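Worksheet for the structure shown next.
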Amino acid sequence: MAGPTLLLCWLERRIEFWKASVLGSVALGSVLVINHFAGDYGIKMLYYRNFIGVPLAPAEMTIQFSSHDYLSAFRSGITLAANSFFIPFLLLGLVGVIEKQLRALCAVMLADVILHFVVLPNWQEGWVALFYLACGICAATLVKDQERTTV
């Protein structure tokens with residue numbers, strides 16, 4: 001979520017480019033350092049655990065995860081997303097985008113969901129809970145504003 005947020009802040013001229021770059025580098029660097037010291041075995045092991053199974057001896061395995069496996073997982077994730085609450089909440093958020101001040105919130109949250117799904121297409125509702133919350137806020141704010149203008 002740091003990437004889309006920093007990009008939006010830079011595009012809206014709320015932060016200078018070099019500051020956004022430094023903050024983005026710190027965010028990315030912290031993930032890499034945590035993964036290094038946690039004994040992470042890389043993206044292939046992450047994909048193997050999410051899409052194939054739990055390895056018995058991960059340090060002794062040579063992971064085989066091809067682009068075909070990724071595309072299969074991607075298609076499966078899209079099916080799961082289409083059968084979840086994603087589309088109704090996306091529509092709620094898009095209705096709320098009528099308000100100019102809420103467009104940024106919706107854009108950042110949608111970009112976060114898309115980027116997360118492209119990197120790891122394992123659809124789980126918990127990973128998009130903030131997106132659902134943001135879409136609900138957008139819709140509720142629009143309803144509140146409509147009530148205020150009609151009264």
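Chain labels run A, B, ... following the order of the structure tokens; each chain numbers its residues from 1, and ligands are numbered from 1 in the order shown.
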**Report entry** Neighbour list for stretch 116-130 of chain A as an MDAnalysis selection string, cut-off 8 Å, only C-alpha atoms, skip fewer than 5 positions in-chain
**Finding:** chainID A and resid 47 50:51 73:74 77:78 80:81 84 109
Determine, for each residue of stretch 43-129 of chain A having at least one atom at most 12 Å from an atom of stretch 9-28 of chain A, the closest pair of atoms and their separation in Å to one decimal, counting only C-alpha atoms; order by chain and ascending number, as a Markdown table.
| residue | atom | partner | partner_atom | distance |
| --- | --- | --- | --- | --- |
| A:Gln101 | CA | A:Glu12 | CA | 12.0 |
| A:Ala104 | CA | A:Cys9 | CA | 9.3 |
| A:Leu105 | CA | A:Cys9 | CA | 11.2 |
| A:Ala107 | CA | A:Cys9 | CA | 11.9 |
| A:Val108 | CA | A:Cys9 | CA | 10.2 |
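Going from atom CA of A:Ser67 over to atom CA of A:Leu90, you cover 28.7 Å.
Ranking A:Val54, A:Met45, A:Val33, A:Leu142 by their shortest atom-to-atom distance to A:Gly93, with only C-alpha atoms included, puts A:Leu142 first.
Closest approach to A:Phe89 among A:His68, A:Thr5, A:Tyr41, A:Cys106: A:Cys106, based on only C-alpha atoms.
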Report summary line: Pairwise distance, atom CA of A:Val97 with atom CA of A:Leu6, equals 20.0 Å
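Between atom CA of A:Val113 and atom CA of A:Gln64 lies a distance of 26.6 Å.
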**Report entry** Residues within 9 Å of A:Tyr48, only C-alpha atoms, excluding chain neighbours under 4 positions, as a PyMOL selection string
**Finding:** chain A and resi 43-44+52-55+63-65
Could you take the residues named above and write them with N, CA and C atoms, as a PDB file, in the first residue's frame?
ATOM      1  N   ILE A  43      10.433 -16.046  -3.559  1.00  0.00           N
ATOM      2  CA  ILE A  43       9.087 -15.953  -4.095  1.00  0.00           C
ATOM      3  C   ILE A  43       8.583 -17.317  -4.579  1.00  0.00           C
ATOM      4  N   LYS A  44       9.487 -18.165  -5.097  1.00  0.00           N
ATOM      5  CA  LYS A  44       9.046 -19.490  -5.556  1.00  0.00           C
ATOM      6  C   LYS A  44       8.522 -20.317  -4.394  1.00  0.00           C
ATOM      7  N   ILE A  52       0.562 -25.007  -4.081  1.00  0.00           N
ATOM      8  CA  ILE A  52       0.808 -26.440  -4.248  1.00  0.00           C
ATOM      9  C   ILE A  52       0.661 -27.179  -2.925  1.00  0.00           C
ATOM     10  N   GLY A  53       1.398 -26.777  -1.908  1.00  0.00           N
ATOM     11  CA  GLY A  53       1.303 -27.454  -0.621  1.00  0.00           C
ATOM     12  C   GLY A  53       2.402 -26.997   0.318  1.00  0.00           C
ATOM     13  N   VAL A  54       2.361 -27.513   1.520  1.00  0.00           N
ATOM     14  CA  VAL A  54       3.361 -27.163   2.528  1.00  0.00           C
ATOM     15  C   VAL A  54       4.543 -28.119   2.376  1.00  0.00           C
ATOM     16  N   PRO A  55       5.734 -27.583   2.149  1.00  0.00           N
ATOM     17  CA  PRO A  55       6.898 -28.465   1.988  1.00  0.00           C
ATOM     18  C   PRO A  55       7.331 -29.061   3.325  1.00  0.00           C
ATOM     19  N   ILE A  63      12.593 -25.856  -5.690  1.00  0.00           N
ATOM     20  CA  ILE A  63      11.211 -25.530  -6.030  1.00  0.00           C
ATOM     21  C   ILE A  63      11.062 -25.354  -7.531  1.00  0.00           C
ATOM     22  N   GLN A  64      10.050 -25.999  -8.072  1.00  0.00           N
ATOM     23  CA  GLN A  64       9.694 -25.841  -9.473  1.00  0.00           C
ATOM     24  C   GLN A  64       8.317 -25.180  -9.525  1.00  0.00           C
ATOM     25  N   PHE A  65       8.296 -23.925  -9.908  1.00  0.00           N
ATOM     26  CA  PHE A  65       7.026 -23.197 -10.056  1.00  0.00           C
ATOM     27  C   PHE A  65       7.135 -22.392 -11.339  1.00  0.00           C
TER      28      PHE A  65
END
